[in-house]
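Novice: Just one file: query-v3.csv, with CSV, C-alpha atoms.
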```csv
chain,number,residue,atom,x,y,z
A,1,MET,CA,113.0,-196.7,-48.8
A,2,LYS,CA,111.5,-200.1,-48.2
A,3,ALA,CA,112.1,-201.5,-44.8
A,4,ALA,CA,111.1,-204.6,-42.9
A,5,VAL,CA,110.9,-204.9,-39.1
A,6,LEU,CA,111.4,-208.5,-37.9
A,7,VAL,CA,109.1,-209.7,-35.1
A,8,PHE,CA,110.1,-212.5,-32.8
A,9,PRO,CA,108.1,-213.9,-29.8
A,10,GLY,CA,109.1,-211.4,-27.1
A,11,SER,CA,110.0,-208.5,-29.3
A,12,ASN,CA,108.6,-205.3,-27.7
A,13,CYS,CA,110.1,-202.4,-29.7
A,14,ASP,CA,109.0,-203.7,-33.1
A,15,ARG,CA,106.1,-201.2,-33.3
A,16,ASP,CA,108.2,-198.3,-32.1
A,17,MET,CA,110.7,-199.1,-34.8
A,18,ALA,CA,108.0,-199.2,-37.4
A,19,VAL,CA,106.6,-195.9,-36.3
A,20,ALA,CA,110.0,-194.2,-36.3
A,21,LEU,CA,110.8,-195.6,-39.8
A,22,LYS,CA,107.4,-194.5,-41.1
A,23,ALA,CA,107.7,-191.0,-39.6
A,24,ALA,CA,111.0,-190.7,-41.5
A,25,GLY,CA,109.2,-191.6,-44.7
A,26,ALA,CA,109.9,-195.3,-45.1
A,27,ASP,CA,107.5,-198.0,-46.3
A,28,VAL,CA,107.5,-200.5,-43.6
A,29,GLU,CA,106.4,-204.1,-43.4
A,30,MET,CA,106.4,-206.3,-40.3
A,31,VAL,CA,107.9,-209.8,-40.9
A,32,TRP,CA,107.3,-212.8,-38.6
A,33,HIS,CA,110.3,-214.8,-37.6
A,34,LYS,CA,109.0,-218.1,-39.1
A,35,ASP,CA,108.9,-216.5,-42.6
A,36,ALA,CA,111.7,-217.9,-44.7
A,37,ASP,CA,111.8,-214.9,-47.1
A,38,LEU,CA,111.9,-211.2,-46.8
A,39,PRO,CA,109.7,-209.0,-49.0
A,40,SER,CA,111.3,-208.3,-52.3
A,41,GLY,CA,113.0,-205.1,-53.2
A,42,LEU,CA,113.9,-204.4,-49.6
A,43,ASP,CA,116.5,-201.8,-48.6
A,44,LEU,CA,116.6,-202.1,-44.8
A,45,VAL,CA,115.9,-204.9,-42.3
A,46,ALA,CA,115.4,-203.6,-38.8
A,47,VAL,CA,115.9,-206.0,-35.9
A,48,PRO,CA,114.0,-204.5,-32.9
A,49,GLY,CA,114.5,-204.5,-29.2
A,50,GLY,CA,112.8,-206.8,-26.8
A,51,PHE,CA,113.4,-210.2,-25.2
A,52,SER,CA,113.2,-212.6,-28.1
A,53,PHE,CA,112.5,-216.1,-27.0
A,54,GLY,CA,112.7,-214.9,-23.4
A,55,ASP,CA,116.5,-214.4,-23.7
A,56,TYR,CA,116.8,-218.2,-23.2
A,57,LEU,CA,120.3,-219.7,-23.7
A,58,ARG,CA,121.9,-216.3,-24.5
A,59,CYS,CA,120.2,-213.1,-25.6
A,60,GLY,CA,119.5,-213.3,-29.3
A,61,ALA,CA,120.8,-216.8,-29.7
A,62,ILE,CA,117.6,-218.5,-30.5
A,63,ALA,CA,116.3,-215.7,-32.7
A,64,ALA,CA,119.6,-215.8,-34.7
A,65,GLN,CA,118.7,-219.4,-35.7
A,66,SER,CA,115.2,-218.5,-36.9
A,67,PRO,CA,114.3,-218.9,-40.6
A,68,ILE,CA,114.0,-215.1,-41.1
A,69,CYS,CA,117.5,-214.6,-39.8
A,70,LYS,CA,118.9,-216.8,-42.6
A,71,ALA,CA,117.1,-214.5,-45.0
A,72,LEU,CA,118.6,-211.5,-43.1
A,73,VAL,CA,122.1,-212.9,-43.5
A,74,ASP,CA,121.5,-213.3,-47.3
A,75,HIS,CA,120.1,-209.8,-47.5
A,76,VAL,CA,123.3,-208.4,-45.8
A,77,ASN,CA,125.5,-210.5,-48.0
A,78,ARG,CA,123.8,-209.0,-51.0
A,79,GLY,CA,124.8,-205.6,-49.7
A,80,GLY,CA,121.5,-204.8,-48.0
A,81,TYR,CA,121.3,-202.5,-44.9
A,82,ALA,CA,120.4,-203.7,-41.4
A,83,LEU,CA,119.8,-201.9,-38.2
A,84,GLY,CA,119.8,-203.8,-34.9
A,85,VAL,CA,118.8,-202.1,-31.7
A,86,CYS,CA,119.2,-203.5,-28.2
A,87,ASN,CA,118.0,-207.1,-28.5
A,88,GLY,CA,118.4,-206.6,-32.3
A,89,PHE,CA,122.1,-205.8,-31.7
A,90,GLN,CA,122.4,-209.0,-29.7
A,91,VAL,CA,120.8,-210.9,-32.6
A,92,LEU,CA,123.2,-209.4,-35.1
A,93,THR,CA,126.2,-210.5,-33.0
A,94,GLU,CA,124.8,-214.0,-32.6
A,95,THR,CA,124.3,-214.2,-36.4
A,96,ARG,CA,128.0,-213.0,-36.6
A,97,LEU,CA,127.0,-210.2,-38.9
A,98,LEU,CA,128.7,-208.0,-36.3
A,99,PRO,CA,131.7,-208.9,-34.2
A,100,GLY,CA,131.7,-209.3,-30.4
A,101,VAL,CA,129.2,-210.2,-27.8
A,102,LEU,CA,126.8,-208.4,-25.4
A,103,MET,CA,127.5,-209.7,-22.0
A,104,ARG,CA,125.6,-209.2,-18.7
A,105,ASN,CA,126.1,-205.5,-17.5
A,106,ALA,CA,129.2,-205.3,-15.4
A,107,LYS,CA,127.2,-204.1,-12.3
A,108,LEU,CA,124.6,-206.8,-13.0
A,109,LYS,CA,121.8,-204.2,-12.9
A,110,PHE,CA,119.2,-203.6,-15.6
A,111,VAL,CA,119.8,-200.0,-16.8
A,112,CYS,CA,116.8,-198.0,-17.9
A,113,LYS,CA,117.4,-194.3,-18.5
A,114,THR,CA,118.3,-191.7,-21.1
A,115,ILE,CA,122.0,-191.6,-21.7
A,116,GLY,CA,124.5,-189.4,-23.4
A,117,LEU,CA,126.2,-190.8,-26.5
A,118,GLN,CA,129.0,-189.4,-28.6
A,119,VAL,CA,128.8,-189.8,-32.3
A,120,GLU,CA,132.2,-191.3,-33.3
A,121,THR,CA,131.9,-191.3,-37.1
A,122,SER,CA,129.6,-189.7,-39.6
A,123,ASN,CA,130.8,-192.0,-42.3
A,124,SER,CA,127.8,-194.3,-42.6
A,125,ALA,CA,124.2,-193.9,-43.8
A,126,PHE,CA,123.1,-194.3,-40.2
A,127,THR,CA,125.3,-191.5,-38.8
A,128,GLU,CA,125.8,-189.1,-41.8
A,129,ALA,CA,123.1,-186.7,-40.5
A,130,PHE,CA,125.2,-186.2,-37.3
A,131,ASN,CA,128.6,-184.7,-37.0
A,132,ALA,CA,131.4,-186.8,-35.5
A,133,GLY,CA,131.8,-185.5,-31.9
A,134,ASP,CA,128.1,-184.6,-31.5
A,135,THR,CA,126.6,-185.5,-28.2
A,136,VAL,CA,123.0,-186.9,-28.3
A,137,GLY,CA,120.6,-188.4,-25.8
A,138,PHE,CA,119.0,-191.8,-26.4
A,139,PRO,CA,117.2,-194.1,-24.0
A,140,VAL,CA,118.8,-197.3,-23.0
A,141,ALA,CA,117.0,-200.2,-21.4
A,142,HIS,CA,119.0,-203.4,-21.1
A,143,HIS,CA,120.5,-206.0,-18.8
A,144,ASP,CA,123.0,-207.4,-21.2
A,145,GLY,CA,124.7,-204.5,-23.0
A,146,ASN,CA,128.3,-205.0,-21.9
A,147,TYR,CA,130.0,-205.1,-25.3
A,148,THR,CA,132.9,-207.4,-25.4
A,149,VAL,CA,135.4,-208.1,-28.1
A,150,ASP,CA,139.0,-209.4,-28.2
A,151,ASP,CA,141.8,-206.9,-28.4
A,152,ASP,CA,142.6,-207.7,-32.1
A,153,THR,CA,139.0,-207.1,-33.1
A,154,LEU,CA,138.8,-203.9,-31.1
A,155,SER,CA,141.9,-202.6,-33.0
A,156,THR,CA,140.3,-203.5,-36.3
A,157,LEU,CA,137.1,-201.7,-35.3
A,158,GLN,CA,139.1,-198.6,-34.3
A,159,ASP,CA,141.4,-198.7,-37.4
A,160,GLN,CA,138.4,-199.1,-39.7
A,161,ASP,CA,136.4,-196.3,-38.0
A,162,ARG,CA,133.6,-198.7,-37.3
A,163,ILE,CA,132.6,-197.5,-33.8
A,164,ALA,CA,129.5,-195.5,-34.5
A,165,PHE,CA,128.6,-194.4,-30.9
A,166,THR,CA,130.2,-194.4,-27.5
A,167,TYR,CA,128.7,-193.7,-24.1
A,168,THR,CA,129.6,-190.4,-22.4
A,169,GLU,CA,129.2,-192.3,-19.1
A,170,ASN,CA,129.5,-196.0,-19.5
A,171,PRO,CA,126.4,-197.7,-18.0
A,172,ASN,CA,127.3,-201.4,-18.6
A,173,GLY,CA,131.1,-202.0,-18.7
A,174,SER,CA,131.3,-202.1,-22.5
A,175,VAL,CA,134.9,-202.1,-23.8
A,176,SER,CA,136.1,-198.7,-24.8
A,177,ASP,CA,132.6,-197.3,-23.9
A,178,ILE,CA,131.2,-198.8,-27.2
A,179,ALA,CA,127.5,-198.3,-27.7
A,180,GLY,CA,127.2,-199.1,-31.4
A,181,VAL,CA,129.3,-200.7,-34.1
A,182,LEU,CA,129.3,-200.9,-37.9
A,183,SER,CA,130.0,-203.8,-40.2
A,184,GLU,CA,133.0,-203.7,-42.5
A,185,ASN,CA,130.9,-202.5,-45.4
A,186,ARG,CA,129.3,-199.9,-43.0
A,187,ARG,CA,125.8,-201.0,-44.0
A,188,VAL,CA,125.0,-202.9,-40.8
A,189,LEU,CA,124.7,-201.0,-37.5
A,190,GLY,CA,124.1,-202.6,-34.1
A,191,MET,CA,123.6,-200.4,-31.0
A,192,MET,CA,122.2,-200.9,-27.5
A,193,PRO,CA,120.6,-197.4,-27.1
A,194,HIS,CA,117.2,-196.9,-28.7
A,195,PRO,CA,117.1,-194.2,-31.4
A,196,GLU,CA,113.4,-195.2,-32.2
A,197,ARG,CA,112.5,-194.0,-28.7
A,198,ALA,CA,113.8,-190.5,-29.3
A,199,VAL,CA,111.9,-189.4,-32.4
A,200,ASP,CA,108.9,-187.5,-30.9
A,201,GLN,CA,108.6,-184.6,-28.5
A,202,GLY,CA,106.5,-186.9,-26.4
A,203,HIS,CA,109.5,-189.1,-26.0
A,204,GLY,CA,111.3,-186.4,-24.2
A,205,GLY,CA,113.8,-185.9,-27.1
A,206,THR,CA,114.1,-186.1,-30.8
A,207,ASP,CA,117.8,-186.9,-31.2
A,208,GLY,CA,117.0,-190.2,-32.9
A,209,GLN,CA,115.4,-188.6,-35.9
A,210,ALA,CA,118.7,-187.8,-37.5
A,211,LEU,CA,119.6,-191.5,-37.6
A,212,PHE,CA,116.4,-192.3,-39.6
A,213,ARG,CA,116.7,-189.2,-41.7
A,214,GLY,CA,120.3,-190.1,-42.7
A,215,LEU,CA,119.2,-193.6,-43.6
A,216,LEU,CA,116.3,-192.4,-45.7
A,217,SER,CA,118.4,-189.8,-47.5
A,218,GLN,CA,120.5,-192.7,-48.7
A,219,PHE,CA,117.6,-194.0,-50.7
A,220,ALA,CA,116.1,-190.6,-51.6
A,221,ASP,CA,116.7,-191.0,-55.3
A,222,ALA,CA,116.1,-194.7,-55.5
B,1,MET,CA,122.1,-241.9,-25.1
B,2,LYS,CA,122.7,-238.8,-23.1
B,3,ALA,CA,125.3,-236.1,-23.3
B,4,LYS,CA,126.2,-233.3,-21.0
B,5,VAL,CA,127.6,-230.1,-22.5
B,6,HIS,CA,129.5,-227.9,-20.1
B,7,VAL,CA,129.7,-224.3,-21.3
B,8,MET,CA,132.1,-222.0,-19.6
B,9,LEU,CA,133.4,-218.5,-20.3
B,10,LYS,CA,136.9,-218.6,-21.7
B,11,ASN,CA,139.8,-217.7,-19.5
B,12,GLY,CA,140.4,-214.0,-19.6
B,13,VAL,CA,136.8,-213.1,-20.2
B,14,LEU,CA,135.5,-211.2,-17.1
B,15,ASP,CA,132.6,-213.0,-15.5
B,16,PRO,CA,130.5,-210.4,-13.6
B,17,GLN,CA,128.1,-213.0,-12.3
B,18,GLY,CA,130.9,-215.1,-11.0
B,19,GLU,CA,132.4,-212.0,-9.3
B,20,ALA,CA,129.0,-211.3,-7.6
B,21,VAL,CA,128.8,-214.9,-6.4
B,22,LYS,CA,132.3,-214.6,-5.0
B,23,HIS,CA,131.4,-211.5,-3.0
B,24,ALA,CA,128.2,-213.1,-1.8
B,25,LEU,CA,130.2,-216.1,-0.5
B,26,GLY,CA,132.5,-213.7,1.2
B,27,SER,CA,129.7,-211.8,2.9
B,28,LEU,CA,128.3,-215.2,4.2
B,29,GLY,CA,131.6,-215.6,6.0
B,30,PHE,CA,133.2,-218.2,3.7
B,31,GLU,CA,136.9,-217.2,3.7
B,32,GLY,CA,139.4,-218.0,1.0
B,33,VAL,CA,137.1,-218.0,-2.0
B,34,GLU,CA,139.7,-216.7,-4.5
B,35,GLY,CA,137.6,-217.0,-7.7
B,36,VAL,CA,134.2,-218.0,-9.0
B,37,ARG,CA,133.4,-218.7,-12.6
B,38,GLN,CA,129.8,-219.4,-13.5
B,39,GLY,CA,128.9,-221.6,-16.5
B,40,LYS,CA,126.1,-223.8,-17.5
B,41,VAL,CA,125.4,-227.5,-18.1
B,42,ILE,CA,123.1,-228.6,-20.9
B,43,GLU,CA,121.8,-232.1,-20.8
B,44,LEU,CA,121.0,-233.6,-24.2
B,45,ASP,CA,118.8,-236.7,-24.6
B,46,LEU,CA,119.9,-238.1,-28.0
B,47,ALA,CA,119.1,-240.8,-30.4
B,48,ASP,CA,121.5,-243.7,-30.0
B,49,GLY,CA,124.4,-243.5,-32.3
B,50,THR,CA,124.5,-239.7,-32.5
B,51,SER,CA,128.1,-238.9,-33.2
B,52,GLU,CA,130.3,-236.7,-31.1
B,53,GLU,CA,130.9,-234.7,-34.2
B,54,THR,CA,127.2,-233.9,-34.5
B,55,ILE,CA,127.2,-232.9,-30.8
B,56,ASN,CA,130.2,-230.6,-31.4
B,57,GLU,CA,128.3,-229.1,-34.3
B,58,MET,CA,125.4,-228.3,-32.0
B,59,CYS,CA,127.8,-226.6,-29.6
B,60,GLU,CA,129.4,-224.5,-32.3
B,61,LYS,CA,126.1,-223.5,-33.9
B,62,LEU,CA,124.0,-222.8,-30.9
B,63,LEU,CA,124.9,-224.1,-27.4
B,64,ALA,CA,128.0,-222.0,-27.0
B,65,ASN,CA,129.0,-218.7,-28.4
B,66,THR,CA,132.7,-219.5,-29.1
B,67,VAL,CA,133.6,-215.8,-29.2
B,68,ILE,CA,133.5,-215.8,-25.4
B,69,GLU,CA,132.6,-219.4,-24.3
B,70,SER,CA,134.3,-222.7,-24.5
B,71,TYR,CA,132.5,-226.1,-24.2
B,72,ARG,CA,133.2,-229.6,-23.2
B,73,VAL,CA,131.1,-232.6,-24.2
B,74,GLU,CA,130.7,-235.5,-21.8
B,75,LEU,CA,129.0,-238.6,-23.0
B,76,VAL,CA,127.0,-240.1,-20.2
```
Would you mind writing the file's structure down as structure tokens?

Specialist:
Amino acid sequence: MKAAVLVFPGSNCDRDMAVALKAAGADVEMVWHKDADLPSGLDLVAVPGGFSFGDYLRCGAIAAQSPICKALVDHVNRGGYALGVCNGFQVLTETRLLPGVLMRNAKLKFVCKTIGLQVETSNSAFTEAFNAGDTVGFPVAHHDGNYTVDDDTLSTLQDQDRIAFTYTENPNGSVSDIAGVLSENRRVLGMMPHPERAVDQGHGGTDGQALFRGLLSQFADA
Amino acid sequence: MKAKVHVMLKNGVLDPQGEAVKHALGSLGFEGVEGVRQGKVIELDLADGTSEETINEMCEKLLANTVIESYRVELV
């Protein structure tokens, strides 16, 4: 699998994401936000966590307007895969590749800890190596992870089985405890918790490996 | 020319920061503060003749996230 990790000013999980993808067997290239084109033959674009452009205006809003994000939208429209984690999730909602918005945490506090997640669906490349109903531990570290959508969109997400992960204990006020959502074609996943920070024993847990393993297996024969 | 863009959360969208400000006002002893909504004002310094349509486009594309926010343009 060929993957690109986007890098914005203020990204700080870009290297971790690249390490996790490489450990799972992907070829990884880092791509700067000012580039207008993604590398050719790309399977996955990963949008990493961090504080792109200092979270100015709204988290992810400025990054979503960068040249590379236009290429990201084209990549997704061609049927390409994308994974957005934390600030990357915020960028994906700001590009409207995923519905909803990540608002300020309901208790206004920055939350930084390992948290329990329930896998809600195994019907996606990102989650197929899990079983629906599995509980896993991923770190979260965010101030704006309060997932908000209108009722109609929430029903659509539920009806189409597009909620990938929920929190076992909601840390931020997200509607229906949502921690991660899929696009309609199930090839774009945005999530606030950090699977790339749970891929090594030194991280304190390796539950994140299954996400990358599932993704890689999608391209095993390609 | 100058324009002021007022960006507010739409009605019905919970505003945790506004709630915190409301509680803080209460704890300072101000009574009767029944609600606080926090928004932002963005001042634009624009070339003369910039159309209101263009300013609206700026709001739709970047200045407001219309999933949760509404905006109002005031030409100054």

Novice: Would you give me, as a compact mmCIF listing (two decimals) with C-alpha atoms, in the frame of the given file, the residues of chain A that come within 7 Å of chain B, using only C-alpha atoms?

Specialist:
```txt
# COMPACT_ATOMS: atom_id res chain seq x y z
CA ALA A 61 120.80 -216.80 -29.70
CA GLY A 100 131.70 -209.30 -30.40
CA ALA A 106 129.20 -205.30 -15.40
CA LEU A 108 124.60 -206.80 -13.00
```

Novice: Leaving out range 78-83 of chain A and any residue of its chain fewer than 5 positions from it, which residues lie within 10 Å of it when counting all atoms listed in the file, given as a ChimeraX atom specification?

Specialist: /A:3-5,41-48,72-73,88-89,92,97,125-126,182-183,185-191,215

Novice: Can you tell me, as a PyMOL selection string, which residues sit within 12 Å of (128.0, -230.5, -31.0) in the file's frame, using only C-alpha atoms?

Specialist: chain B and resi 3-7+42+44+46+50-64+70-75

Novice: What's the 12 Å shell around range 175-179 of chain A, counting only C-alpha atoms, without same-chain residues fewer than 6 positions away, as a ChimeraX atom specification?

Specialist: /A:84-86,89,100-103,105-106,115-120,138-140,142,145-151,153-155,157-158,162-169,189-195 /B:13-14

Novice: So that I can check the surroundings of Gln65 in chain A, please list as a list in words every protein, DNA and RNA residue that reaches within 10 Å of it, counting all atoms listed in the file and ignoring chain neighbours fewer than 3 positions away.

Specialist: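 Skipping anything fewer than 3 positions along the chain leaves His33, Gly60, Ala61, Ile62, Ile68, Cys69, Lys70, Val91, Glu94 and Thr95 of chain A; Lys61 and Leu62 of chain B.
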
Novice: Once you have the residues from the selection above, write them out as a short mmCIF file (atom, residue, chain, number, x, y, z; two decimals), in the frame of the given file, restricted to C-alpha atoms.

Specialist:
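As written to disk, selection24.cif reads:
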```
data_model
loop_
_atom_site.label_atom_id
_atom_site.label_comp_id
_atom_site.auth_asym_id
_atom_site.auth_seq_id
_atom_site.Cartn_x
_atom_site.Cartn_y
_atom_site.Cartn_z
CA HIS A 33 110.30 -214.80 -37.60
CA GLY A 60 119.50 -213.30 -29.30
CA ALA A 61 120.80 -216.80 -29.70
CA ILE A 62 117.60 -218.50 -30.50
CA ILE A 68 114.00 -215.10 -41.10
CA CYS A 69 117.50 -214.60 -39.80
CA LYS A 70 118.90 -216.80 -42.60
CA VAL A 91 120.80 -210.90 -32.60
CA GLU A 94 124.80 -214.00 -32.60
CA THR A 95 124.30 -214.20 -36.40
CA LYS B 61 126.10 -223.50 -33.90
CA LEU B 62 124.00 -222.80 -30.90
#
```

Novice: Between A:Lys107, A:Arg213, A:Lys22, A:Lys2, which is the closest to Ala129 in chain A once you count only C-alpha atoms?

Specialist: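 The shortest atom-to-atom distance to Ala129 in chain A comes from A:Arg213.
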
Novice: So the first atom is CA of Trp32 in chain A and the second is CA of Val7 in chain A; what is the distance between them in Å, to one decimal place?

Specialist: 5.0 Å

Novice: For the atom pair CA of Ala36 in chain A and CA of Asn87 in chain A, what is the interatomic distance in Å to one decimal place?

Specialist: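 That distance, rounded to one decimal, is 20.5 Å.
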
Novice: One number please: CA of Gly25 in chain A to CA of Ser217 in chain A, in Å, one decimal.

Specialist: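 These two atoms are separated by 9.8 Å.
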